[in-house]
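Okay, final-v9.cif is below, mmCIF, C-alpha atoms:
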```
data_upload
#
loop_
_atom_site.label_atom_id
_atom_site.label_comp_id
_atom_site.auth_asym_id
_atom_site.auth_seq_id
_atom_site.Cartn_x
_atom_site.Cartn_y
_atom_site.Cartn_z
CA MET A 1 -43.66 15.10 -19.80
CA LYS A 2 -42.06 11.75 -19.18
CA VAL A 3 -38.45 11.43 -18.07
CA ILE A 4 -36.57 8.23 -17.30
CA VAL A 5 -33.89 8.14 -14.62
CA LYS A 6 -31.21 5.49 -15.05
CA CYS A 7 -29.83 4.50 -11.67
CA PHE A 8 -26.21 3.56 -11.10
CA SER A 9 -24.24 2.18 -8.15
CA GLN A 10 -25.50 3.52 -4.82
CA VAL A 11 -28.64 4.98 -6.43
CA ARG A 12 -29.52 1.63 -7.94
CA TYR A 13 -28.70 -0.19 -4.74
CA HIS A 14 -30.57 2.06 -2.32
CA LEU A 15 -33.67 2.48 -4.50
CA GLY A 16 -33.62 -1.14 -5.63
CA LYS A 17 -34.38 -0.13 -9.23
CA ASP A 18 -32.46 0.07 -12.48
CA GLU A 19 -34.73 2.81 -13.77
CA LEU A 20 -37.31 5.26 -12.41
CA VAL A 21 -40.03 6.91 -14.48
CA PHE A 22 -41.11 10.46 -13.67
CA HIS A 23 -44.04 12.46 -15.05
CA LEU A 24 -42.96 16.05 -14.64
CA GLU A 25 -44.22 19.56 -15.25
CA GLU A 26 -42.56 21.62 -17.97
CA GLY A 27 -39.57 23.59 -16.73
CA VAL A 28 -38.23 21.03 -14.30
CA THR A 29 -34.40 20.93 -14.30
CA THR A 30 -31.92 18.14 -13.74
CA SER A 31 -31.17 19.41 -10.24
CA ASP A 32 -34.90 19.41 -9.36
CA LEU A 33 -35.05 15.83 -10.57
CA GLU A 34 -31.97 14.87 -8.58
CA GLU A 35 -33.70 16.28 -5.48
CA LYS A 36 -36.78 14.15 -6.16
CA VAL A 37 -34.63 11.03 -6.40
CA ARG A 38 -32.79 11.91 -3.20
CA GLU A 39 -36.17 12.37 -1.45
CA GLN A 40 -37.22 8.87 -2.55
CA ALA A 41 -34.04 7.47 -1.04
CA GLY A 42 -34.68 9.02 2.37
CA ASP A 43 -31.29 9.70 3.91
CA LEU A 44 -29.56 6.81 2.12
CA LEU A 45 -27.93 9.04 -0.49
CA GLU A 46 -26.84 11.65 2.00
CA GLY A 47 -23.21 12.51 1.42
CA VAL A 48 -23.17 10.72 -1.95
CA SER A 49 -22.28 13.19 -4.68
CA LEU A 50 -24.03 12.49 -7.97
CA ARG A 51 -23.02 13.33 -11.53
CA VAL A 52 -25.79 13.89 -14.02
CA ALA A 53 -25.86 12.90 -17.68
CA VAL A 54 -28.76 13.68 -19.99
CA ASN A 55 -29.17 11.38 -22.98
CA GLN A 56 -25.70 9.88 -22.39
CA LYS A 57 -24.04 13.28 -22.22
CA TYR A 58 -22.47 14.56 -19.01
CA THR A 59 -24.12 17.82 -17.92
CA PRO A 60 -22.17 19.51 -15.14
CA GLU A 61 -24.65 22.43 -14.94
CA ALA A 62 -28.38 22.02 -14.30
CA VAL A 63 -30.42 22.03 -17.51
CA GLU A 64 -34.14 22.10 -18.21
CA LEU A 65 -35.54 18.68 -19.07
CA LYS A 66 -37.53 17.77 -22.17
CA ASP A 67 -40.08 15.05 -22.75
CA GLY A 68 -38.43 11.70 -23.38
CA ASP A 69 -35.10 12.65 -21.79
CA GLU A 70 -33.09 9.93 -20.15
CA VAL A 71 -31.19 11.10 -17.09
CA ALA A 72 -28.33 9.07 -15.60
CA LEU A 73 -27.33 9.62 -11.98
CA ILE A 74 -23.76 8.50 -11.43
CA PRO A 75 -21.95 8.43 -8.07
CA PRO A 76 -18.19 8.12 -7.77
CA VAL A 77 -17.16 4.58 -6.86
CA GLN A 78 -14.15 3.53 -4.95
CA GLY A 79 -13.76 -0.26 -4.98
CA GLY A 80 -10.79 -1.84 -6.67
CA MET B 1 21.62 -21.45 0.68
CA GLU B 2 25.13 -20.16 0.27
CA ASN B 3 25.50 -21.93 -3.04
CA ASP B 4 22.21 -20.43 -4.29
CA SER B 5 23.63 -16.95 -3.93
CA MET B 6 26.56 -18.02 -6.09
CA ILE B 7 24.36 -19.02 -8.97
CA ILE B 8 22.62 -16.56 -11.23
CA SER B 9 19.74 -17.41 -13.55
CA PRO B 10 19.52 -15.97 -17.07
CA GLN B 11 16.51 -13.89 -15.91
CA GLU B 12 18.48 -12.42 -13.01
CA LEU B 13 21.44 -11.72 -15.26
CA GLN B 14 19.10 -9.95 -17.68
CA LYS B 15 17.97 -7.81 -14.76
CA TRP B 16 21.58 -6.85 -14.07
CA LEU B 17 21.92 -5.82 -17.70
CA ASP B 18 18.68 -3.82 -17.59
CA GLU B 19 19.75 -2.09 -14.38
CA GLY B 20 23.11 -1.21 -15.90
CA LYS B 21 24.95 -3.05 -13.11
CA SER B 22 28.72 -3.41 -13.64
CA PHE B 23 29.97 -6.96 -13.90
CA ARG B 24 32.36 -9.09 -15.94
CA VAL B 25 31.58 -12.24 -17.84
CA VAL B 26 34.24 -14.94 -18.10
CA ASP B 27 33.76 -17.87 -20.47
CA ILE B 28 35.76 -20.86 -19.26
CA ARG B 29 34.98 -23.02 -22.30
CA PRO B 30 37.74 -23.82 -24.80
CA ARG B 31 38.20 -21.04 -27.35
CA GLU B 32 36.95 -23.26 -30.21
CA GLN B 33 33.68 -23.88 -28.40
CA HIS B 34 33.32 -20.20 -27.58
CA GLU B 35 33.74 -19.35 -31.24
CA LEU B 36 31.39 -22.08 -32.38
CA ASP B 37 28.67 -21.20 -29.86
CA PRO B 38 29.28 -17.66 -28.60
CA ILE B 39 27.40 -16.22 -25.65
CA VAL B 40 24.82 -14.03 -27.33
CA SER B 41 24.82 -10.31 -26.45
CA LEU B 42 27.26 -10.65 -23.54
CA ASP B 43 30.81 -9.35 -23.78
CA ALA B 44 32.81 -12.29 -22.41
CA THR B 45 36.49 -12.76 -21.74
CA ILE B 46 37.83 -16.25 -22.39
CA VAL B 47 39.90 -17.71 -19.57
CA ALA B 48 40.67 -21.41 -19.19
CA GLU B 49 39.42 -22.88 -15.91
CA GLU B 50 42.92 -23.64 -14.68
CA ASP B 51 43.91 -20.01 -15.20
CA LEU B 52 41.01 -18.54 -13.24
CA ASP B 53 42.32 -16.29 -10.49
CA PHE B 54 40.03 -14.23 -8.35
CA SER B 55 42.60 -13.08 -5.82
CA THR B 56 42.70 -9.59 -7.35
CA ILE B 57 38.97 -9.25 -7.93
CA ASP B 58 37.41 -5.79 -7.48
CA ASP B 59 33.90 -5.04 -6.19
CA ASN B 60 32.23 -5.84 -9.47
CA PRO B 61 30.88 -9.37 -9.63
CA VAL B 62 32.21 -11.87 -12.12
CA VAL B 63 29.85 -14.24 -13.90
CA ILE B 64 31.57 -17.43 -14.97
CA VAL B 65 30.07 -19.39 -17.81
CA CYS B 66 30.59 -22.88 -19.15
CA GLN B 67 28.47 -24.86 -21.61
CA TYR B 68 25.80 -26.22 -19.24
CA GLY B 69 26.60 -24.51 -15.94
CA LEU B 70 27.95 -27.69 -14.37
CA SER B 71 31.68 -27.00 -14.47
CA THR B 72 31.25 -23.47 -13.20
CA GLU B 73 29.05 -24.62 -10.32
CA ARG B 74 31.62 -27.23 -9.38
CA PHE B 75 34.37 -24.64 -9.63
CA ILE B 76 32.49 -22.36 -7.25
CA ARG B 77 31.79 -25.16 -4.80
CA GLU B 78 35.47 -26.04 -4.73
CA ASN B 79 37.03 -22.59 -4.90
CA GLY B 80 34.13 -20.36 -3.76
CA ALA B 81 35.34 -16.81 -4.20
CA GLU B 82 33.33 -13.84 -3.08
CA ASN B 83 31.53 -11.99 -5.83
CA VAL B 84 31.92 -14.82 -8.34
CA VAL B 85 28.72 -16.39 -9.61
CA SER B 86 27.97 -19.24 -11.97
CA LEU B 87 25.47 -18.76 -14.80
CA LEU B 88 22.70 -21.30 -14.28
CA GLY B 89 22.44 -23.63 -17.27
CA GLY B 90 25.53 -22.06 -18.83
CA ALA B 91 25.85 -20.68 -22.33
CA GLN B 92 23.20 -23.12 -23.51
CA ALA B 93 20.50 -21.74 -21.18
CA TRP B 94 21.50 -18.13 -21.75
CA ASN B 95 21.35 -18.45 -25.51
CA GLU B 96 17.97 -20.17 -25.29
CA PHE B 97 16.74 -17.37 -23.06
CA GLU B 98 18.04 -14.79 -25.52
CA SER B 99 16.36 -16.47 -28.47
CA SER B 100 13.07 -16.79 -26.56
CA LYS B 101 13.25 -13.04 -26.00
CA ALA B 102 13.35 -12.51 -29.71
CA ASP B 103 10.79 -15.25 -30.30
CA LEU B 104 7.71 -13.38 -31.35
CA SER B 105 5.77 -16.59 -32.01
CA ARG B 106 4.50 -16.16 -28.45
CA TYR B 107 2.47 -13.21 -29.72
CA ALA B 108 1.47 -14.78 -33.05
CA ARG B 109 -2.29 -14.63 -32.43
CA GLN B 110 -2.35 -10.97 -31.55
CA MET B 111 0.19 -10.03 -34.21
CA VAL B 112 -2.11 -11.40 -36.90
CA LEU B 113 -4.38 -8.46 -36.13
CA PRO B 114 -3.53 -5.69 -38.58
CA GLN B 115 -3.87 -3.24 -35.67
CA VAL B 116 -0.98 -4.98 -33.89
CA GLY B 117 1.48 -6.58 -36.33
CA VAL B 118 5.25 -6.45 -35.78
CA LYS B 119 5.17 -2.69 -35.35
CA GLY B 120 2.54 -2.83 -32.62
CA GLN B 121 4.30 -5.69 -30.86
CA LYS B 122 7.49 -3.63 -30.79
CA ALA B 123 5.56 -0.67 -29.41
CA LEU B 124 4.23 -2.91 -26.62
CA ALA B 125 7.75 -4.19 -25.88
CA ALA B 126 9.03 -0.62 -25.64
CA ALA B 127 6.25 0.56 -23.33
CA GLN B 128 6.31 1.03 -19.58
CA VAL B 129 3.03 0.69 -17.72
CA THR B 130 2.75 1.49 -14.03
CA ILE B 131 -0.03 -0.27 -12.16
CA VAL B 132 -1.08 1.33 -8.88
CA GLY B 133 -2.80 -1.19 -6.63
CA MET B 134 -2.36 -4.96 -6.95
CA GLY B 135 -5.83 -5.97 -5.78
CA GLY B 136 -8.91 -7.08 -7.69
CA LEU B 137 -8.20 -4.82 -10.67
CA GLY B 138 -4.39 -4.82 -10.58
CA CYS B 139 -4.20 -8.63 -10.79
CA PRO B 140 -5.94 -9.07 -14.17
CA VAL B 141 -4.41 -5.86 -15.53
CA SER B 142 -0.86 -7.00 -14.75
CA GLN B 143 -1.44 -10.55 -15.95
CA TYR B 144 -2.92 -9.60 -19.31
CA LEU B 145 -0.46 -6.79 -19.97
CA ALA B 146 2.44 -9.13 -19.17
CA ALA B 147 0.98 -11.83 -21.40
CA ALA B 148 0.54 -9.33 -24.23
CA GLY B 149 4.23 -8.43 -24.04
CA VAL B 150 4.24 -4.96 -22.48
CA GLY B 151 8.01 -4.54 -22.01
CA THR B 152 8.13 -3.02 -18.55
CA LEU B 153 5.54 -3.30 -15.81
CA ARG B 154 5.91 -1.47 -12.52
CA LEU B 155 3.67 -2.81 -9.78
CA ILE B 156 2.97 -0.61 -6.76
CA ASP B 157 1.29 -1.86 -3.58
CA GLY B 158 2.39 -1.99 0.04
CA ASP B 159 -0.19 -4.58 1.04
CA VAL B 160 0.17 -8.24 1.92
CA VAL B 161 -2.00 -11.05 0.56
CA GLU B 162 -4.95 -11.96 2.76
CA LEU B 163 -7.04 -15.10 2.51
CA SER B 164 -10.14 -13.00 1.72
CA ASN B 165 -8.31 -11.46 -1.28
CA ILE B 166 -7.87 -14.66 -3.23
CA PRO B 167 -11.37 -15.11 -4.74
CA ARG B 168 -10.97 -11.84 -6.62
CA GLN B 169 -7.18 -11.84 -6.88
CA PRO B 170 -6.46 -15.33 -8.19
CA LEU B 171 -3.02 -14.23 -9.34
CA TYR B 172 -2.05 -15.16 -5.78
CA SER B 173 -2.17 -18.65 -4.37
CA SER B 174 -3.28 -19.71 -0.90
CA ASP B 175 0.39 -20.20 -0.01
CA ASP B 176 0.97 -16.49 -0.58
CA VAL B 177 -1.18 -15.42 2.39
CA GLY B 178 0.92 -13.06 4.51
CA ARG B 179 3.39 -12.36 1.70
CA SER B 180 3.89 -9.01 0.04
CA LYS B 181 1.50 -8.72 -2.90
CA VAL B 182 4.05 -7.25 -5.28
CA GLU B 183 6.61 -9.90 -4.40
CA ALA B 184 4.16 -12.73 -5.13
CA ALA B 185 2.91 -10.93 -8.25
CA VAL B 186 6.40 -10.43 -9.69
CA GLU B 187 7.08 -14.13 -9.24
CA ARG B 188 3.89 -15.21 -11.06
CA ILE B 189 4.14 -12.62 -13.78
CA SER B 190 7.81 -13.31 -14.50
CA SER B 191 7.06 -16.96 -15.04
CA LEU B 192 4.04 -16.08 -17.19
CA ASN B 193 6.29 -14.01 -19.42
CA PRO B 194 10.00 -14.23 -18.58
CA VAL B 195 11.05 -11.88 -21.36
CA ILE B 196 9.48 -8.74 -19.92
CA LYS B 197 10.78 -6.65 -17.06
CA VAL B 198 8.68 -6.49 -13.92
CA GLU B 199 9.57 -3.96 -11.23
CA MET B 200 8.07 -4.10 -7.77
CA LYS B 201 7.47 -1.23 -5.39
CA ASN B 202 6.38 -2.59 -2.04
CA VAL B 203 4.92 0.71 -0.79
CA PHE B 204 1.65 2.61 -0.83
CA LEU B 205 1.56 5.57 -3.19
CA THR B 206 1.23 8.98 -1.52
CA SER B 207 1.56 12.58 -2.67
CA GLU B 208 5.11 12.51 -1.22
CA ASN B 209 6.47 9.50 -3.10
CA ARG B 210 4.36 9.82 -6.26
CA ASP B 211 7.03 11.53 -8.40
CA ASP B 212 9.55 8.75 -7.79
CA LEU B 213 7.06 5.95 -8.22
CA LEU B 214 5.29 7.26 -11.31
CA SER B 215 8.31 8.57 -13.22
CA SER B 216 8.93 7.10 -16.67
CA ALA B 217 5.43 5.62 -17.00
CA ASP B 218 3.97 5.78 -20.51
CA VAL B 219 0.57 4.83 -19.13
CA ILE B 220 -0.62 4.72 -15.50
CA VAL B 221 -3.32 2.24 -14.52
CA ASP B 222 -5.47 3.30 -11.58
CA ALA B 223 -6.29 0.03 -9.85
CA THR B 224 -6.56 1.52 -6.37
CA ASP B 225 -9.46 1.27 -3.98
CA SER B 226 -8.97 4.75 -2.59
CA LEU B 227 -10.44 8.02 -3.84
CA ALA B 228 -7.59 9.89 -2.13
CA VAL B 229 -4.92 7.98 -4.06
CA ARG B 230 -6.97 8.36 -7.24
CA ARG B 231 -6.77 12.15 -6.84
CA VAL B 232 -2.99 11.97 -6.40
CA LEU B 233 -2.74 9.91 -9.61
CA ASP B 234 -5.05 12.29 -11.46
CA GLU B 235 -2.98 15.29 -10.43
CA TYR B 236 0.30 13.66 -11.46
CA ALA B 237 -1.13 12.40 -14.74
CA SER B 238 -2.47 15.84 -15.52
CA ASP B 239 0.79 17.63 -14.56
CA HIS B 240 2.89 15.26 -16.67
CA SER B 241 0.40 14.58 -19.50
CA VAL B 242 0.41 10.83 -18.92
CA PRO B 243 -2.73 8.87 -19.83
CA LEU B 244 -4.47 7.43 -16.77
CA VAL B 245 -6.65 4.36 -17.20
CA TYR B 246 -9.21 4.59 -14.44
CA ALA B 247 -11.61 2.00 -13.04
CA GLY B 248 -13.75 1.76 -9.93
CA LEU B 249 -16.14 -0.88 -8.66
CA TYR B 250 -19.39 -0.92 -6.73
CA ARG B 251 -21.00 -4.31 -6.07
CA PHE B 252 -21.96 -5.63 -9.54
CA GLU B 253 -20.99 -2.45 -11.35
CA GLY B 254 -17.81 -0.98 -12.72
CA GLN B 255 -16.73 2.33 -14.22
CA VAL B 256 -13.88 2.69 -16.69
CA SER B 257 -12.43 5.73 -18.40
CA VAL B 258 -9.20 7.03 -19.91
CA PHE B 259 -8.20 10.38 -18.45
CA ASN B 260 -5.54 12.88 -19.53
CA TYR B 261 -5.26 11.36 -22.98
CA ASN B 262 -4.10 13.92 -25.55
CA GLY B 263 -5.54 16.80 -23.53
CA GLY B 264 -8.80 14.96 -22.84
CA PRO B 265 -10.71 15.35 -19.57
CA ARG B 266 -9.28 14.27 -16.23
CA TYR B 267 -10.91 12.60 -13.23
CA ALA B 268 -11.31 15.91 -11.41
CA ASP B 269 -13.39 17.22 -14.36
CA LEU B 270 -15.90 14.48 -13.66
CA PHE B 271 -15.75 14.35 -9.87
CA PRO B 272 -14.34 17.71 -8.78
CA GLU B 273 -15.09 17.68 -5.08
CA GLN B 274 -13.93 15.29 -2.41
CA SER B 275 -16.79 12.88 -2.12
CA ALA B 276 -17.96 11.37 1.12
CA THR B 277 -18.69 8.15 -0.74
CA GLY B 278 -16.20 5.77 0.74
CA ASP B 279 -17.62 2.36 0.00
CA SER B 280 -14.85 -0.17 -0.54
CA CYS B 281 -15.25 -3.75 -1.74
CA ALA B 282 -14.85 -4.79 1.91
CA ASP B 283 -17.87 -2.64 2.86
CA THR B 284 -20.17 -3.43 -0.04
CA GLY B 285 -19.09 -6.88 -1.15
CA VAL B 286 -17.94 -8.00 -4.57
CA LEU B 287 -17.78 -11.17 -6.65
CA GLY B 288 -14.32 -11.79 -8.08
CA MET B 289 -15.50 -11.92 -11.68
CA LEU B 290 -16.44 -8.26 -11.61
CA PRO B 291 -12.90 -6.91 -11.13
CA GLY B 292 -11.83 -9.62 -13.61
CA ILE B 293 -14.11 -8.13 -16.27
CA ILE B 294 -13.39 -4.50 -15.45
CA GLY B 295 -9.63 -5.06 -15.08
CA ASN B 296 -9.56 -6.63 -18.51
CA ILE B 297 -11.30 -3.61 -19.99
CA GLN B 298 -8.60 -1.47 -18.37
CA ALA B 299 -5.88 -3.71 -19.82
CA LEU B 300 -7.50 -3.47 -23.25
CA GLU B 301 -7.63 0.33 -23.08
CA THR B 302 -3.98 0.39 -21.98
CA VAL B 303 -2.91 -1.70 -24.96
CA LYS B 304 -5.00 0.48 -27.30
CA ILE B 305 -3.27 3.60 -25.98
CA ILE B 306 0.17 2.05 -26.57
CA LEU B 307 -0.82 0.95 -30.08
CA GLY B 308 -2.42 4.31 -30.83
CA LEU B 309 -5.70 2.52 -31.54
CA GLU B 310 -8.72 4.79 -31.43
CA PRO B 311 -11.40 5.29 -30.36
CA ASN B 312 -10.60 4.61 -26.73
CA LEU B 313 -12.47 5.64 -23.60
CA SER B 314 -10.95 9.12 -23.47
CA GLY B 315 -13.76 11.63 -22.97
CA LYS B 316 -16.14 8.82 -22.11
CA LEU B 317 -17.22 7.04 -18.97
CA LEU B 318 -18.13 3.39 -19.42
CA LEU B 319 -20.62 2.01 -16.91
CA TYR B 320 -20.93 -1.77 -16.77
CA ASP B 321 -23.56 -3.64 -14.80
CA GLY B 322 -22.93 -7.33 -14.33
CA LEU B 323 -26.49 -8.17 -13.26
CA ASN B 324 -28.15 -7.00 -16.49
CA HIS B 325 -24.97 -7.10 -18.58
CA SER B 326 -25.66 -3.59 -19.69
CA MET B 327 -23.06 -1.10 -20.79
CA ASP B 328 -23.69 2.61 -20.90
CA ILE B 329 -21.21 5.07 -22.30
CA ILE B 330 -21.51 8.65 -21.11
CA GLU B 331 -19.87 11.37 -23.22
CA LEU B 332 -17.80 13.63 -21.01
CA ASP B 333 -16.56 16.23 -23.51
#
```
Show how you would write the structure in this file as structure tokens.
Amino acid sequence: MKVIVKCFSQVRYHLGKDELVFHLEEGVTTSDLEEKVREQAGDLLEGVSLRVAVNQKYTPEAVELKDGDEVALIPPVQGG
Amino acid sequence: MENDSMIISPQELQKWLDEGKSFRVVDIRPREQHELDPIVSLDATIVAEEDLDFSTIDDNPVVIVCQYGLSTERFIRENGAENVVSLLGGAQAWNEFESSKADLSRYARQMVLPQVGVKGQKALAAAQVTIVGMGGLGCPVSQYLAAAGVGTLRLIDGDVVELSNIPRQPLYSSDDVGRSKVEAAVERISSLNPVIKVEMKNVFLTSENRDDLLSSADVIVDATDSLAVRRVLDEYASDHSVPLVYAGLYRFEGQVSVFNYNGGPRYADLFPEQSATGDSCADTGVLGMLPGIIGNIQALETVKIILGLEPNLSGKLLLYDGLNHSMDIIELD
């Protein structure tokens, strides 16, 4: 199944991409996907907490992904 | 300088009234002129100039008023008594100031909107908004809320203006470098809209002083650059059920939300744990337009809350990216 990750703030900056496309096995959850993204970033996202939204809806608990899902990874930002 | 302290401007006198300060007003014009052109909304005693006697004056200041402020200034120069001040521009200037206060033509363009109208404009005039942080976000927020006629603005920041602030904080001028931000801001904002009340708090907000600083706010605007202060604001807003208009920046991106609105989610619902992410604008860099855009969205949400205009960003997180000009709205509920 195909899942799109929308990158925000530090994720976007460190991976240099607005979006990532993943082809995943059935049964993969949002937290598995978050791990995959963190792996791609090396240690650059270490210590950055990420919030996850699936199809524009905030999902505080890990959920199983479906084909065509769009997952947003959102860090807290501080600048003002 | 000594003479300056013996002259009071209509704006300063209005501040005395707002603060409930005790003072007396003495009109030295002839009674006929006083009756023809009374001093609007001030309770004045009429005393002819030759009968003025300040030898028995108490601690409360006396404001002396003539038609144009010239006779009273001369009187003070010649007979300078302590605690006696001359009203700058006299009855003429005061009455003009009073009528400009009531002059809603300033807001004509926004009042044409059915969502604003006279009722909405009055709601704005009656509102108090507290802005925490007078940096990149606080500057546009305060300017646009003042311009829109929000009746009372309280500005909180203990910082001074630095040269590197000005590209994203153009409320300040290069001459303000080294000055207190709130002091410079109050000056600009009061001249932008002299009929609103602007309070300055030249301190940093902490969990110790938060109750004093945030009291009586109808809406709190989070324009800080500190996650720690943001959590203090979130806690206060949640304890006191005050809407909190949040924004944060990262390079070309901004986040905006309205927390604690009518029982809606709070910041801690979205970011519960202390995060190690501590990137400030100084660390990551920022172009001044970004806080300009995001601060204006915050100001817009603030006005919508005061007007009761829905939907607003309660229960939603807006994510703006200035490189692609994309906006994403995440549902939080």
Could you list, with a cut-off of 6 Å and counting only C-alpha atoms, the residues of chain B near chain A, each shown with its nearest atom pair and the distance in Å rounded to one decimal, rows sorted by chain and ascending number, as a tab-separated table?
```
residue	atom	partner	partner_atom	distance
B:Gly136	CA	A:Gly80	CA	5.7
B:Leu137	CA	A:Gly80	CA	5.6
B:Ala223	CA	A:Gly80	CA	5.8
B:Thr224	CA	A:Gly80	CA	5.4
B:Asp225	CA	A:Gly80	CA	4.3
B:Ser226	CA	A:Gln78	CA	5.8
B:Leu227	CA	A:Gln78	CA	5.9
B:Gly248	CA	A:Gln78	CA	5.3
B:Leu249	CA	A:Gly79	CA	4.4
B:Tyr250	CA	A:Ser9	CA	5.9
B:Ala276	CA	A:Gly47	CA	5.4
B:Thr277	CA	A:Val48	CA	5.3
B:Ser280	CA	A:Gly79	CA	4.6
B:Cys281	CA	A:Gly79	CA	5.0
B:Ile330	CA	A:Gln56	CA	4.6
B:Glu331	CA	A:Lys57	CA	4.7
B:Leu332	CA	A:Tyr58	CA	5.2
```
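Near Ser207 of chain B, within 9 Å and counting only C-alpha atoms, sit Asp211, Val229, Val232, Leu233 and Tyr236 of chain B, not including residues fewer than 4 positions from it in the same chain.
Here atom CA of Asp328 of chain B and atom CA of Leu171 of chain B stand 29.1 Å from one another.
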B:Leu104, B:Ala146, B:Val47, B:Leu88 ranked by distance to Lys122 of chain B, top pick (using only C-alpha atoms): B:Leu104
Chain and number of each residue from the PyMOL selection byres ((chain B and resi 185) around 12), as number ranges by chain: B: 131, 133-135, 138-143, 146, 153-157, 159-161, 169-173, 176, 179-184, 186-192, 198-202
Limited to C-alpha atoms, could you put the picked residues into a file as a PDB file, in the frame of the given file?
```pdb
ATOM      1  CA  ILE B 131      -0.030  -0.270 -12.160  1.00  0.00           C
ATOM      2  CA  GLY B 133      -2.800  -1.190  -6.630  1.00  0.00           C
ATOM      3  CA  MET B 134      -2.360  -4.960  -6.950  1.00  0.00           C
ATOM      4  CA  GLY B 135      -5.830  -5.970  -5.780  1.00  0.00           C
ATOM      5  CA  GLY B 138      -4.390  -4.820 -10.580  1.00  0.00           C
ATOM      6  CA  CYS B 139      -4.200  -8.630 -10.790  1.00  0.00           C
ATOM      7  CA  PRO B 140      -5.940  -9.070 -14.170  1.00  0.00           C
ATOM      8  CA  VAL B 141      -4.410  -5.860 -15.530  1.00  0.00           C
ATOM      9  CA  SER B 142      -0.860  -7.000 -14.750  1.00  0.00           C
ATOM     10  CA  GLN B 143      -1.440 -10.550 -15.950  1.00  0.00           C
ATOM     11  CA  ALA B 146       2.440  -9.130 -19.170  1.00  0.00           C
ATOM     12  CA  LEU B 153       5.540  -3.300 -15.810  1.00  0.00           C
ATOM     13  CA  ARG B 154       5.910  -1.470 -12.520  1.00  0.00           C
ATOM     14  CA  LEU B 155       3.670  -2.810  -9.780  1.00  0.00           C
ATOM     15  CA  ILE B 156       2.970  -0.610  -6.760  1.00  0.00           C
ATOM     16  CA  ASP B 157       1.290  -1.860  -3.580  1.00  0.00           C
ATOM     17  CA  ASP B 159      -0.190  -4.580   1.040  1.00  0.00           C
ATOM     18  CA  VAL B 160       0.170  -8.240   1.920  1.00  0.00           C
ATOM     19  CA  VAL B 161      -2.000 -11.050   0.560  1.00  0.00           C
ATOM     20  CA  GLN B 169      -7.180 -11.840  -6.880  1.00  0.00           C
ATOM     21  CA  PRO B 170      -6.460 -15.330  -8.190  1.00  0.00           C
ATOM     22  CA  LEU B 171      -3.020 -14.230  -9.340  1.00  0.00           C
ATOM     23  CA  TYR B 172      -2.050 -15.160  -5.780  1.00  0.00           C
ATOM     24  CA  SER B 173      -2.170 -18.650  -4.370  1.00  0.00           C
ATOM     25  CA  ASP B 176       0.970 -16.490  -0.580  1.00  0.00           C
ATOM     26  CA  ARG B 179       3.390 -12.360   1.700  1.00  0.00           C
ATOM     27  CA  SER B 180       3.890  -9.010   0.040  1.00  0.00           C
ATOM     28  CA  LYS B 181       1.500  -8.720  -2.900  1.00  0.00           C
ATOM     29  CA  VAL B 182       4.050  -7.250  -5.280  1.00  0.00           C
ATOM     30  CA  GLU B 183       6.610  -9.900  -4.400  1.00  0.00           C
ATOM     31  CA  ALA B 184       4.160 -12.730  -5.130  1.00  0.00           C
ATOM     32  CA  VAL B 186       6.400 -10.430  -9.690  1.00  0.00           C
ATOM     33  CA  GLU B 187       7.080 -14.130  -9.240  1.00  0.00           C
ATOM     34  CA  ARG B 188       3.890 -15.210 -11.060  1.00  0.00           C
ATOM     35  CA  ILE B 189       4.140 -12.620 -13.780  1.00  0.00           C
ATOM     36  CA  SER B 190       7.810 -13.310 -14.500  1.00  0.00           C
ATOM     37  CA  SER B 191       7.060 -16.960 -15.040  1.00  0.00           C
ATOM     38  CA  LEU B 192       4.040 -16.080 -17.190  1.00  0.00           C
ATOM     39  CA  VAL B 198       8.680  -6.490 -13.920  1.00  0.00           C
ATOM     40  CA  GLU B 199       9.570  -3.960 -11.230  1.00  0.00           C
ATOM     41  CA  MET B 200       8.070  -4.100  -7.770  1.00  0.00           C
ATOM     42  CA  LYS B 201       7.470  -1.230  -5.390  1.00  0.00           C
ATOM     43  CA  ASN B 202       6.380  -2.590  -2.040  1.00  0.00           C
TER      44      ASN B 202
END
```
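Taking atom CA of Arg24 of chain B as the reference point, atom CA of Val62 of chain B is found at 4.7 Å.
Straight-line separation from atom CA of Tyr320 of chain B to atom CA of Gly254 of chain B: 5.2 Å.
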Matched chain/residue IDs from the PyMOL selection byres ((chain B and resi 28) around 10), as number ranges by chain: B: 25-27, 29-31, 33-34, 44-52, 64-67, 71-72
